[in-house]
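Peer 1: This is upload.csv, which holds CSV, C-alpha atoms:
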chain,number,residue,atom,x,y,z
A,1,GLY,CA,128.3,158.5,82.9
A,2,ARG,CA,131.6,160.1,83.9
A,3,PHE,CA,134.5,158.5,85.6
A,4,ALA,CA,137.8,159.8,87.1
A,5,ALA,CA,140.5,158.2,89.2
A,6,VAL,CA,143.8,159.4,90.5
A,7,THR,CA,146.9,157.6,91.7
A,8,ASN,CA,150.0,159.2,93.3
A,9,VAL,CA,153.3,158.8,91.6
A,10,ARG,CA,155.9,157.4,93.9
A,11,GLU,CA,158.8,159.8,94.2
A,12,ASP,CA,162.0,160.2,96.3
A,13,GLY,CA,161.6,162.4,99.3
A,14,PRO,CA,158.6,163.6,101.2
A,15,ALA,CA,155.5,165.0,99.5
A,16,ARG,CA,155.3,168.7,99.3
A,17,ALA,CA,152.8,170.3,101.7
A,18,ASP,CA,152.5,173.6,99.7
A,19,VAL,CA,150.5,172.1,96.8
A,20,ARG,CA,146.9,171.4,95.8
A,21,SER,CA,145.1,168.2,96.7
A,22,ARG,CA,145.3,165.5,94.0
A,23,GLY,CA,142.0,164.2,95.1
A,24,ALA,CA,140.3,167.4,94.0
A,25,LEU,CA,141.2,166.4,90.4
A,26,VAL,CA,138.6,163.6,90.6
A,27,SER,CA,135.8,165.8,92.0
A,28,GLY,CA,136.8,168.6,89.7
A,29,PHE,CA,136.2,166.4,86.6
A,30,LEU,CA,133.0,164.9,88.0
A,31,THR,CA,131.5,168.3,88.7
A,32,THR,CA,132.3,169.9,85.4
A,33,THR,CA,130.7,169.4,82.0
A,34,ASP,CA,134.1,169.7,80.3
A,35,ALA,CA,134.9,166.9,77.8
A,36,PRO,CA,137.6,164.5,79.2
A,37,ALA,CA,140.2,165.8,76.7
A,38,SER,CA,139.5,169.4,77.6
A,39,PHE,CA,139.7,168.7,81.3
A,40,VAL,CA,143.0,166.8,81.3
A,41,THR,CA,144.6,169.4,79.0
A,42,MET,CA,143.6,172.1,81.5
A,43,VAL,CA,145.0,170.0,84.4
A,44,ALA,CA,148.2,169.4,82.4
A,45,GLN,CA,148.8,173.1,82.3
A,46,GLN,CA,148.5,173.2,86.1
A,47,GLY,CA,150.6,170.1,86.8
A,48,THR,CA,153.3,171.8,88.8
A,49,GLN,CA,150.7,172.8,91.4
A,50,TYR,CA,150.4,169.1,92.6
A,51,ASN,CA,152.6,166.3,93.9
A,52,GLY,CA,153.1,163.6,91.3
A,53,PHE,CA,150.0,162.0,90.0
A,54,ASN,CA,148.3,160.0,87.3
A,55,LEU,CA,144.8,161.0,86.2
A,56,LEU,CA,142.2,159.0,84.3
A,57,ALA,CA,139.1,160.9,83.2
A,58,GLY,CA,136.5,159.6,80.9
A,59,ASP,CA,132.9,159.3,79.8
A,60,ARG,CA,131.0,156.7,77.8
A,61,THR,CA,132.9,157.7,74.6
A,62,ARG,CA,136.5,158.4,75.6
A,63,LEU,CA,139.0,157.7,78.3
A,64,MET,CA,141.9,160.1,78.8
A,65,TYR,CA,145.1,159.7,80.7
A,66,MET,CA,147.7,162.2,81.9
A,67,SER,CA,150.5,162.4,84.4
A,68,ASN,CA,152.2,165.5,85.7
A,69,ARG,CA,155.4,163.4,85.6
A,70,GLY,CA,155.7,162.6,82.0
A,71,GLY,CA,154.2,163.1,78.5
A,72,ALA,CA,151.2,164.9,77.1
A,73,PRO,CA,147.6,163.9,77.8
A,74,GLU,CA,146.6,160.9,75.7
A,75,VAL,CA,143.5,158.9,74.7
A,76,VAL,CA,143.6,155.5,76.2
A,77,PRO,CA,142.8,153.1,73.4
A,78,PRO,CA,140.6,150.0,73.8
A,79,GLY,CA,142.3,147.1,75.4
A,80,VAL,CA,143.8,146.0,78.7
A,81,HIS,CA,146.0,148.6,80.4
A,82,GLY,CA,147.7,148.9,83.8
A,83,LEU,CA,148.3,151.8,86.1
A,84,SER,CA,150.2,151.8,89.4
A,85,ASN,CA,152.4,154.6,90.9
A,86,HIS,CA,154.3,155.4,87.7
A,87,LEU,CA,153.2,156.1,84.1
A,88,LEU,CA,150.5,154.2,82.3
A,89,ASN,CA,151.6,150.6,81.3
A,90,THR,CA,154.9,150.9,83.1
A,91,ALA,CA,156.5,147.4,82.9
A,92,TRP,CA,156.6,146.9,86.7
A,93,PRO,CA,155.9,143.2,87.6
A,94,LYS,CA,152.6,144.1,89.4
A,95,VAL,CA,151.4,146.0,86.3
A,96,GLN,CA,152.3,143.2,83.9
A,97,GLN,CA,150.9,140.5,86.3
A,98,GLY,CA,147.7,142.5,86.8
A,99,LYS,CA,147.2,143.0,83.0
A,100,ALA,CA,147.8,139.3,82.3
A,101,ARG,CA,145.4,138.2,85.0
A,102,LEU,CA,142.7,140.7,83.9
A,103,SER,CA,143.1,139.5,80.3
A,104,GLY,CA,142.6,135.9,81.4
A,105,ALA,CA,139.6,136.9,83.5
A,106,LEU,CA,138.0,138.5,80.5
A,107,GLU,CA,138.5,135.6,78.1
A,108,ASP,CA,135.1,134.0,79.1
A,109,TYR,CA,133.2,137.1,78.1
A,110,GLU,CA,131.4,136.9,81.5
A,111,VAL,CA,132.5,139.2,84.2
A,112,ASP,CA,133.2,137.5,87.5
A,113,VAL,CA,133.4,140.5,89.9
A,114,PRO,CA,134.8,138.4,92.9
A,115,LYS,CA,137.6,137.2,90.6
A,116,LEU,CA,138.4,140.8,89.7
A,117,PHE,CA,138.6,141.7,93.3
A,118,ASP,CA,140.9,138.7,93.9
A,119,ILE,CA,143.2,140.1,91.3
A,120,LEU,CA,143.1,143.6,92.9
A,121,GLY,CA,143.6,142.2,96.4
A,122,ASP,CA,146.7,140.1,95.6
A,123,ARG,CA,149.3,140.9,98.3
A,124,SER,CA,152.0,138.6,96.9
A,125,PRO,CA,155.3,140.5,96.3
A,126,ALA,CA,157.3,140.1,93.1
A,127,LEU,CA,160.3,137.9,92.9
A,128,ALA,CA,163.5,139.7,94.0
A,129,GLY,CA,165.0,139.4,90.5
A,130,LEU,CA,162.0,141.1,88.9
A,131,LEU,CA,161.8,144.1,91.2
A,132,PRO,CA,162.0,147.6,89.6
A,133,HIS,CA,164.7,150.0,90.9
A,134,THR,CA,162.8,153.1,92.0
A,135,GLY,CA,165.2,154.4,94.5
A,136,VAL,CA,163.8,152.8,97.7
A,137,ALA,CA,165.5,150.1,99.8
A,138,PRO,CA,165.1,146.6,98.4
A,139,GLU,CA,162.9,145.3,101.2
A,140,ARG,CA,160.5,148.3,100.8
A,141,GLU,CA,160.6,147.8,97.0
A,142,ARG,CA,159.6,144.1,97.5
A,143,MET,CA,156.7,145.2,99.8
A,144,LEU,CA,155.6,147.8,97.3
A,145,SER,CA,155.6,145.3,94.5
A,146,ALA,CA,152.3,143.6,95.4
A,147,LEU,CA,149.2,144.5,93.5
A,148,HIS,CA,147.6,145.4,96.9
A,149,VAL,CA,150.1,147.1,99.2
A,150,LEU,CA,149.6,147.0,102.9
A,151,ALA,CA,152.2,149.0,104.9
A,152,GLY,CA,152.0,151.0,108.1
A,153,ASP,CA,152.6,154.3,106.3
A,154,TYR,CA,151.7,153.6,102.7
A,155,GLY,CA,149.3,151.3,100.8
A,156,THR,CA,146.3,150.6,98.7
A,157,ARG,CA,143.3,152.5,100.0
A,158,THR,CA,140.5,151.1,97.8
A,159,ALA,CA,139.7,148.6,95.1
A,160,THR,CA,137.1,149.4,92.5
A,161,VAL,CA,135.6,147.5,89.7
A,162,LEU,CA,133.8,149.7,87.2
A,163,LEU,CA,131.8,147.9,84.5
A,164,VAL,CA,130.5,149.7,81.4
A,165,SER,CA,128.3,147.6,79.1
A,166,SER,CA,128.1,148.1,75.3
A,167,ASP,CA,124.7,149.8,75.8
A,168,GLY,CA,126.2,152.3,78.2
A,169,ARG,CA,125.1,150.9,81.5
A,170,VAL,CA,127.6,151.5,84.3
A,171,VAL,CA,127.9,149.5,87.4
A,172,CYS,CA,130.5,150.2,90.1
A,173,TYR,CA,131.6,147.8,92.9
A,174,GLU,CA,133.9,148.8,95.7
Would you encode the structure as structure tokens?
Peer 2:
Amino acid sequence: GRFAAVTNVREDGPARADVRSRGALVSGFLTTTDAPASFVTMVAQQGTQYNGFNLLAGDRTRLMYMSNRGGAPEVVPPGVHGLSNHLLNTAWPKVQQGKARLSGALEDYEVDVPKLFDILGDRSPALAGLLPHTGVAPERERMLSALHVLAGDYGTRTATVLLVSSDGRVVCYE
């Protein structure tokens, strides 16, 4: 009944080697009995010990979000949200496109898991005029703008669909 996920925050320069593993944040939450809010508050106090990250941690009653690159921990309200390699709901084209496509997929009130994986697996880059300016070269920015990034040195590692029913049943697809 507990869920956690982490994404890196894309930053200029190489990642620091002298910091703690961001992946340990997920296992740390899943192996504790701390409430999501307590856990992310504790992590926020240790944020400088990690390279940039976003953390989602939740249970059947609450989903929390925090990033060590901006803002205080917050409750994620009901609705459709998007998270990439910047802050929650950043208006990057891939986040906006993903949210719109997910909203459309949920209109039928029947979950089509293959359709959700099609959304997550979309490798189409954003149009040049819509690209964000994050400090990387334009051709790399275009490659990174896809919902599913495939590059030699950087990319999407997994896609997960987590379904939680109103009666609390949880089903996970990867």
Peer 1: So which one's closest to Gln96 in chain A, A:Gly121, A:Gly82, A:Gly70, A:Gly23? Using only C-alpha atoms, please.
Peer 2: A:Gly82
Peer 1: Rounded to one decimal in Å, what is the spacing between CA of Tyr173 in chain A and CA of Val161 in chain A?
Peer 2: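 Separating CA of Tyr173 in chain A from CA of Val161 in chain A is a distance of 5.1 Å.
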Peer 1: Would you list the contacts of range 141-153 of chain A as a list of chain:residue names, taking every protein, DNA or RNA residue within 9 Å and counting all atoms listed in the file, but skipping same-chain residues closer than 4 positions in sequence?
Peer 2: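 After dropping sequence-adjacent residues, the list is A:Ser84, A:Trp92, A:Pro93, A:Lys94, A:Val95, A:Gln97, A:Gly98, A:Ile119, A:Leu120, A:Gly121, A:Asp122, A:Arg123, A:Ser124, A:Pro125, A:Ala126, A:Leu127, A:Ala128, A:Leu131, A:Pro132, A:His133, A:Thr134, A:Gly135, A:Val136, A:Ala137, A:Arg157, A:Ala159.
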Peer 1: Quick one, how far is CA of Ala35 in chain A from CA of Gly47 in chain A?
Peer 2: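 Those two atoms sit 18.4 Å apart.
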Peer 1: Restricting the calculation to all atoms listed in the file, which member of A:Pro73, A:Gly58, A:Gly129, A:Gly1 is positioned closest to Met42 in chain A?
Peer 2: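 Comparing A:Pro73, A:Gly58, A:Gly129, A:Gly1 against Met42 in chain A, the winner is A:Pro73.
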Peer 1: Suppose you want the space between CA of Gly52 in chain A and CA of Thr31 in chain A; what is it in Å?
Peer 2: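 Going from CA of Gly52 in chain A over to CA of Thr31 in chain A, I get 22.3 Å.
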Peer 1: I want to know what sits within 9 Å of Arg16 in chain A, based on all atoms listed in the file, with residues of the same chain fewer than 2 positions away left out; could you give that as a PDB file with C-alpha atoms, keeping the file's coordinate frame?
Peer 2:
ATOM      1  CA  GLY A  13     161.600 162.400  99.300  1.00  0.00           C
ATOM      2  CA  PRO A  14     158.600 163.600 101.200  1.00  0.00           C
ATOM      3  CA  ASP A  18     152.500 173.600  99.700  1.00  0.00           C
ATOM      4  CA  VAL A  19     150.500 172.100  96.800  1.00  0.00           C
ATOM      5  CA  TYR A  50     150.400 169.100  92.600  1.00  0.00           C
ATOM      6  CA  ASN A  51     152.600 166.300  93.900  1.00  0.00           C
TER       7      ASN A  51
END
Peer 1: Using all atoms listed in the file, can you tell me which of A:Thr41, A:Ser27, A:Thr7, A:Ser165 comes closest to Val75 in chain A?
Peer 2: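 Smallest distance to Val75 in chain A is found for A:Thr41.
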Peer 1: Report as a PyMOL selection string all protein, DNA and RNA residues lying within 6 Å of Val9 in chain A, evaluated on all atoms listed in the file, omitting residues in the same chain fewer than 4 positions from it.
Peer 2: chain A and resi 52-53+85-86
Peer 1: Which is closest to Thr156 in chain A among A:Leu63, A:Pro114, A:Asn8, A:Gly79, if we use only C-alpha atoms?
Peer 2: A:Asn8
Peer 1: Using all atoms listed in the file, which residue out of A:Leu163, A:Leu25, A:Val6, A:Ala57 lies closest to Asp112 in chain A?
Peer 2: A:Leu163
Peer 1: Given the choices A:Thr90, A:Asn68, A:Thr160, A:Thr33, which gets closest to Gln46 in chain A if the distance is worked out from all atoms listed in the file?
Peer 2: A:Asn68
Peer 1: If I only have part of range 110-137 of chain A, can you fill in N, CA and C atoms and write it as a CSV table (one decimal), keeping the file's coordinate frame?
Peer 2:
chain,number,residue,atom,x,y,z
A,110,GLU,N,132.3,136.7,80.3
A,110,GLU,CA,131.4,136.9,81.5
A,110,GLU,C,132.2,137.5,82.6
A,111,VAL,N,131.7,138.5,83.2
A,111,VAL,CA,132.5,139.2,84.2
A,111,VAL,C,132.2,138.6,85.6
A,112,ASP,N,133.3,138.1,86.2
A,112,ASP,CA,133.2,137.5,87.5
A,112,ASP,C,133.8,138.5,88.5
A,113,VAL,N,133.0,139.3,89.1
A,113,VAL,CA,133.4,140.5,89.9
A,113,VAL,C,134.3,140.0,91.1
A,114,PRO,N,133.9,138.9,91.8
A,114,PRO,CA,134.8,138.4,92.9
A,114,PRO,C,136.2,138.1,92.4
A,115,LYS,N,136.3,137.5,91.2
A,115,LYS,CA,137.6,137.2,90.6
A,115,LYS,C,138.4,138.4,90.4
A,116,LEU,N,137.7,139.5,89.9
A,116,LEU,CA,138.4,140.8,89.7
A,116,LEU,C,138.9,141.3,91.0
A,117,PHE,N,138.1,141.2,92.0
A,117,PHE,CA,138.6,141.7,93.3
A,117,PHE,C,139.7,140.8,93.9
A,118,ASP,N,139.7,139.6,93.6
A,118,ASP,CA,140.9,138.7,93.9
A,118,ASP,C,142.2,139.2,93.3
A,119,ILE,N,142.1,139.6,92.0
A,119,ILE,CA,143.2,140.1,91.3
A,119,ILE,C,143.7,141.4,92.0
A,120,LEU,N,142.8,142.3,92.2
A,120,LEU,CA,143.1,143.6,92.9
A,120,LEU,C,143.6,143.5,94.3
A,121,GLY,N,143.2,142.4,95.0
A,121,GLY,CA,143.6,142.2,96.4
A,121,GLY,C,144.8,141.3,96.6
A,122,ASP,N,145.5,141.0,95.5
A,122,ASP,CA,146.7,140.1,95.6
A,122,ASP,C,147.8,140.8,96.4
A,123,ARG,N,148.2,140.3,97.5
A,123,ARG,CA,149.3,140.9,98.3
A,123,ARG,C,150.6,140.2,98.1
A,124,SER,N,150.7,139.3,97.1
A,124,SER,CA,152.0,138.6,96.9
A,124,SER,C,153.0,139.6,96.3
A,125,PRO,N,154.2,139.6,96.8
A,125,PRO,CA,155.3,140.5,96.3
A,125,PRO,C,155.9,139.8,95.1
A,126,ALA,N,156.6,140.6,94.2
A,126,ALA,CA,157.3,140.1,93.1
A,126,ALA,C,158.5,139.4,93.5
A,127,LEU,N,159.0,138.5,92.7
A,127,LEU,CA,160.3,137.9,92.9
A,127,LEU,C,161.4,138.9,93.0
A,128,ALA,N,162.4,138.7,93.8
A,128,ALA,CA,163.5,139.7,94.0
A,128,ALA,C,164.2,140.1,92.7
A,129,GLY,N,164.4,139.1,91.8
A,129,GLY,CA,165.0,139.4,90.5
A,129,GLY,C,164.2,140.2,89.5
A,130,LEU,N,162.9,140.4,89.8
A,130,LEU,CA,162.0,141.1,88.9
A,130,LEU,C,161.7,142.5,89.4
A,131,LEU,N,162.1,142.9,90.6
A,131,LEU,CA,161.8,144.1,91.2
A,131,LEU,C,162.3,145.3,90.4
A,132,PRO,N,161.5,146.4,90.2
A,132,PRO,CA,162.0,147.6,89.6
A,132,PRO,C,163.0,148.3,90.6
A,133,HIS,N,163.7,149.2,90.0
A,133,HIS,CA,164.7,150.0,90.9
A,133,HIS,C,164.1,151.4,90.9
A,134,THR,N,163.4,151.8,91.9
A,134,THR,CA,162.8,153.1,92.0
A,134,THR,C,163.4,154.0,93.0
A,135,GLY,N,164.5,153.6,93.6
A,135,GLY,CA,165.2,154.4,94.5
A,135,GLY,C,164.9,154.1,96.0
A,136,VAL,N,164.1,153.1,96.3
A,136,VAL,CA,163.8,152.8,97.7
A,136,VAL,C,164.6,151.5,98.0
A,137,ALA,N,164.7,151.3,99.3
A,137,ALA,CA,165.5,150.1,99.8
A,137,ALA,C,164.9,148.8,99.2
